[in-house]
Amino acid sequence: MLVLFLMYLGVIALWRTMDDPSRAARAAAVLTLVGAINIPIIKFSVNWWNTLHQDASIVRLDGPAIHPSILVPLLIMMLAFTLLFLTLHFAAMRNEIMRRRVRTLMMMQAEAAAGA
């Protein structure tokens, strides 16, 4: 998790150091893809070093180890948070598209005013 946190801080720092938003976005995207290598390591580290964590409780070959009275609300909330994440992500994407359109229109207006 420390490595993941440092990667997160690195992406934020890289994004803030560049003036051009498109170059910053591209560099941050590349760093994010490199950091995605850490995801399977985090996932399987629980199985590799199981002294600190219990085994899987939901996804098991012999069925979930959680009582249905707890499993059903857990799955419902997992679905609800997934839908919330998707909704907020799409709203952020729409806002970014609008921000870039406004920036482009302002640049075109400035170029037209400078040319006139």
# chains A, B, ... in the order shown; residues from 1 in each chain; ligands from 1
>>> select_by_dssp(residues="chain A", states="helix (DSSP H, G or I)", output="PyMOL selection string")
chain A and resi 2-17+21-35+38-48+68-115
>>> atom_distance(atom1="atom CA of Ser22 of chain A", atom2="atom CA of Met98 of chain A")
14.7 Å
>>> residues_around(residues="Met7 of chain A", least_positions_apart="5", cutoff="10 Å", atoms="only C-alpha atoms", output="VMD selection string")
chain A and resid 1 to 2 12 to 13 31 to 32 34 to 36 38
>>> atom_distance(atom1="atom CA of Met106 of chain A", atom2="atom CA of Ala27 of chain A")
24.7 Å
>>> atom_distance(atom1="atom CA of Asn50 of chain A", atom2="atom CA of Tyr8 of chain A")
25.6 Å
>>> closest_residue(among="A:Ala28, A:Leu88, A:Leu4, A:Met107", to="Pro40 of chain A", atoms="only C-alpha atoms")
A:Leu4
